[in-house]
Amino acid sequence: AALATLIGQIVSFIVLFVGVYRSDSINISPKKFTFNGYYVKNIINGGLPSLCRQSISSLATICMNLSAGSYGDYAITAMSVCARTVMFFNSAMIGFGQGFQPVCGFNYGAKKYDRVIKAFWFCVKVSFVFLFALSVLSFAFAPNIITIFSDDPKVIAFGTPALRFMSASFPLSAFIVMSNMCMQTIGKSARASFLALARQGLFLIPLLLVLSYFFGAVGIQMAQMWADIITFIISVPLQISVINEMKREII
């Protein structure tokens, strides 16, 4: 697995490098490089939310495994299967959000704020329907999904309720992810970074500790669901404030 990951990264780099090197519109040369603090600052502001979103998920996985580890290897396996299943769905959601970003960026830069708002709500509606369908399917077929990865009865018994809890909050990610992508694209880096950290870090990690203490295994199984719910509640006023700011600029 490690070798496959390494090879995949090398091949991806080569493909991208060749594509850029042969491009007529992009001419890369070390001689043309000059340090510019303005661009560095903007690059950091633009990329910080992505860094927060990707790095905190690794820490959350470690905490999830540590919490589940007290119940045995089967619990770690079950939660890992659920986390990977949810990650697969969220990856599709993030991909959709990244497709929204160029539309958001172009129109925001052109001061077409009404188009940004319209595109945002369109993406929220489409992704909500998509995630709602996945939520229903994963809730109904949770044991079958777990069985794809393991036929251990203990893993299936522990993972089924966990996946169903996670499925219940799937649709909320439509608003959370689109809000995060919108804020990141229009330069609201602080708010976007906070929202990126919230779901997997600021809320999930404390909830794992608190809920597992009071509710045991069930607390671990439903921690992600409550993290999603709290993140959604926080994201609503953040994004509405951004939308209201754009509305005030519409002529």
# chains A, B, ... in the order shown; residues from 1 in each chain; ligands from 1
call {"tool": "residues_around", "arguments": {"residues": "region 71-79 of chain A", "least_positions_apart": "6", "cutoff": "7 Å", "atoms": "only C-alpha atoms", "output": "ChimeraX atom specification"}}
result
/A:65,154-156,158-159
call {"tool": "write_last_selection", "arguments": {"atoms": "all heavy atoms", "output": "CSV table (one decimal), in the first residue's frame"}}
result
chain,number,residue,atom,x,y,z
A,65,ASN,N,-9.5,5.9,16.5
A,65,ASN,CA,-8.9,4.6,16.8
A,65,ASN,C,-8.5,4.4,18.2
A,65,ASN,O,-8.7,3.3,18.8
A,65,ASN,CB,-7.7,4.4,15.9
A,65,ASN,CG,-8.0,4.2,14.4
A,65,ASN,OD1,-9.2,3.9,14.1
A,65,ASN,ND2,-7.1,4.4,13.5
A,154,LYS,N,-18.5,-9.5,14.9
A,154,LYS,CA,-18.3,-8.4,15.9
A,154,LYS,C,-18.1,-7.0,15.2
A,154,LYS,O,-18.6,-6.0,15.6
A,154,LYS,CB,-17.1,-8.7,16.8
A,154,LYS,CG,-17.3,-9.8,17.8
A,154,LYS,CD,-16.1,-10.0,18.7
A,154,LYS,CE,-16.3,-11.1,19.7
A,154,LYS,NZ,-15.1,-11.2,20.6
A,155,VAL,N,-17.4,-7.1,14.1
A,155,VAL,CA,-17.1,-5.9,13.3
A,155,VAL,C,-18.4,-5.3,12.7
A,155,VAL,O,-18.7,-4.1,12.8
A,155,VAL,CB,-16.1,-6.1,12.2
A,155,VAL,CG1,-16.0,-4.9,11.3
A,155,VAL,CG2,-14.8,-6.5,12.7
A,156,ILE,N,-19.3,-6.2,12.2
A,156,ILE,CA,-20.5,-5.9,11.6
A,156,ILE,C,-21.5,-5.3,12.7
A,156,ILE,O,-22.1,-4.3,12.5
A,156,ILE,CB,-21.2,-7.1,10.9
A,156,ILE,CG1,-20.3,-7.5,9.8
A,156,ILE,CG2,-22.6,-6.7,10.4
A,156,ILE,CD1,-20.8,-8.9,9.1
A,158,PHE,N,-20.7,-3.9,15.5
A,158,PHE,CA,-20.2,-2.6,16.1
A,158,PHE,C,-20.3,-1.5,15.0
A,158,PHE,O,-20.6,-0.3,15.3
A,158,PHE,CB,-18.7,-2.7,16.5
A,158,PHE,CG,-18.3,-1.6,17.4
A,158,PHE,CD1,-18.3,-1.7,18.8
A,158,PHE,CD2,-17.8,-0.4,16.8
A,158,PHE,CE1,-17.9,-0.6,19.6
A,158,PHE,CE2,-17.4,0.7,17.6
A,158,PHE,CZ,-17.4,0.5,19.0
A,159,GLY,N,-20.0,-1.9,13.7
A,159,GLY,CA,-20.0,-0.9,12.7
A,159,GLY,C,-21.4,-0.4,12.1
A,159,GLY,O,-21.5,0.7,11.7
call {"tool": "residues_around", "arguments": {"residues": "Phe141 (chain A)", "least_positions_apart": "4", "cutoff": "12 Å", "atoms": "only C-alpha atoms", "output": "list of chain:residue names"}}
result
A:Leu134, A:Ser135, A:Val136, A:Leu137, A:Ile145, A:Ile146, A:Thr147, A:Ile148, A:Ile156, A:Gly159, A:Thr160, A:Pro161, A:Leu163, A:Arg164, A:Ser167
call {"tool": "write_last_selection", "arguments": {"atoms": "N, CA, C and O atoms", "output": "compact mmCIF listing (two decimals), in the first residue's frame"}}
result
# COMPACT_ATOMS: atom_id res chain seq x y z
N LEU A 134 -27.64 9.04 -0.74
CA LEU A 134 -26.60 8.20 -0.15
C LEU A 134 -26.90 7.87 1.30
O LEU A 134 -26.63 6.76 1.76
N SER A 135 -27.46 8.84 2.00
CA SER A 135 -27.80 8.64 3.41
C SER A 135 -28.82 7.54 3.58
O SER A 135 -28.68 6.66 4.44
N VAL A 136 -29.85 7.57 2.76
CA VAL A 136 -30.90 6.55 2.84
C VAL A 136 -30.34 5.17 2.51
O VAL A 136 -30.62 4.18 3.20
N LEU A 137 -29.54 5.10 1.47
CA LEU A 137 -28.96 3.82 1.05
C LEU A 137 -28.00 3.25 2.09
O LEU A 137 -28.05 2.07 2.42
N ILE A 145 -22.76 -2.99 3.69
CA ILE A 145 -21.57 -2.20 3.38
C ILE A 145 -20.40 -2.65 4.26
O ILE A 145 -19.27 -2.81 3.78
N ILE A 146 -20.68 -2.87 5.54
CA ILE A 146 -19.63 -3.33 6.45
C ILE A 146 -19.11 -4.71 6.02
O ILE A 146 -17.91 -4.98 6.06
N THR A 147 -20.02 -5.55 5.54
CA THR A 147 -19.65 -6.92 5.14
C THR A 147 -18.69 -6.92 3.95
O THR A 147 -17.89 -7.85 3.80
N ILE A 148 -18.74 -5.89 3.12
CA ILE A 148 -17.83 -5.80 1.97
C ILE A 148 -16.38 -5.81 2.45
O ILE A 148 -15.50 -6.38 1.80
N ILE A 156 -19.25 -6.24 12.20
CA ILE A 156 -20.54 -5.86 11.62
C ILE A 156 -21.47 -5.30 12.69
O ILE A 156 -22.14 -4.28 12.48
N GLY A 159 -20.04 -1.86 13.74
CA GLY A 159 -20.00 -0.88 12.67
C GLY A 159 -21.36 -0.44 12.14
O GLY A 159 -21.51 0.70 11.69
N THR A 160 -22.34 -1.34 12.21
CA THR A 160 -23.66 -1.02 11.65
C THR A 160 -24.30 0.20 12.30
O THR A 160 -24.70 1.14 11.60
N PRO A 161 -24.44 0.26 13.63
CA PRO A 161 -25.02 1.47 14.22
C PRO A 161 -24.16 2.71 14.00
O PRO A 161 -24.69 3.82 13.84
N LEU A 163 -22.28 3.44 11.37
CA LEU A 163 -22.51 3.93 10.01
C LEU A 163 -23.89 4.56 9.88
O LEU A 163 -24.06 5.55 9.17
N ARG A 164 -24.85 4.02 10.59
CA ARG A 164 -26.20 4.59 10.54
C ARG A 164 -26.25 5.95 11.23
O ARG A 164 -26.95 6.86 10.76
N SER A 167 -24.70 8.25 8.79
CA SER A 167 -25.58 8.46 7.63
C SER A 167 -26.66 9.49 7.93
O SER A 167 -27.08 10.24 7.03
call {"tool": "residues_around", "arguments": {"residues": "Phe17 (chain A)", "least_positions_apart": "6", "cutoff": "10 Å", "atoms": "only C-alpha atoms", "output": "list in words"}}
result
Val11, Ser23 and Ile28 of chain A
call {"tool": "closest_residue", "arguments": {"among": "A:Ile234, A:Leu208, A:Leu202, A:Ile186", "to": "Asn42 (chain A)", "atoms": "only C-alpha atoms"}}
result
A:Ile186
call {"tool": "residues_around", "arguments": {"residues": "Gln239 (chain A)", "least_positions_apart": "4", "cutoff": "8 Å", "atoms": "only C-alpha atoms", "output": "list in words"}}
result
Ser179, Met183, Ser235 and Ile243 of chain A
call {"tool": "atom_distance", "arguments": {"atom1": "CA of Ala119 (chain A)", "atom2": "CA of Gln200 (chain A)"}}
result
26.2 Å
call {"tool": "closest_residue", "arguments": {"among": "A:Pro206, A:Met178, A:Gln101, A:Tyr113", "to": "Gly46 (chain A)", "atoms": "only C-alpha atoms"}}
result
A:Gln101
call {"tool": "atom_distance", "arguments": {"atom1": "CA of Phe100 (chain A)", "atom2": "CA of Asn36 (chain A)"}}
result
28.5 Å
call {"tool": "closest_residue", "arguments": {"among": "A:Ala133, A:Val218, A:Val177, A:Met246", "to": "Arg115 (chain A)", "atoms": "only C-alpha atoms"}}
result
A:Met246
call {"tool": "closest_residue", "arguments": {"among": "A:Val103, A:Val20, A:Ile26, A:Ala1", "to": "Ile117 (chain A)", "atoms": "only C-alpha atoms"}}
result
A:Val103
call {"tool": "closest_residue", "arguments": {"among": "A:Gln9, A:Asn144, A:Ser173, A:Gln221", "to": "Val236 (chain A)", "atoms": "only C-alpha atoms"}}
result
A:Ser173
call {"tool": "select_by_dssp", "arguments": {"residues": "region 22-189 of chain A", "states": "alpha helix (DSSP H)", "output": "ChimeraX atom specification"}}
result
/A:37-69,73-109,113-140,142-149,153-168,173-185,189
call {"tool": "closest_residue", "arguments": {"among": "A:Ala110, A:Ala60, A:Leu195, A:Ala157", "to": "Gln224 (chain A)", "atoms": "only C-alpha atoms"}}
result
A:Ala60
call {"tool": "residues_around", "arguments": {"residues": "region 54-56 of chain A", "least_positions_apart": "2", "cutoff": "9 Å", "atoms": "only C-alpha atoms", "output": "JSON, numbers by chain"}}
result
{"A": [49, 50, 51, 52, 58, 59, 60, 61, 196, 197, 200, 201]}
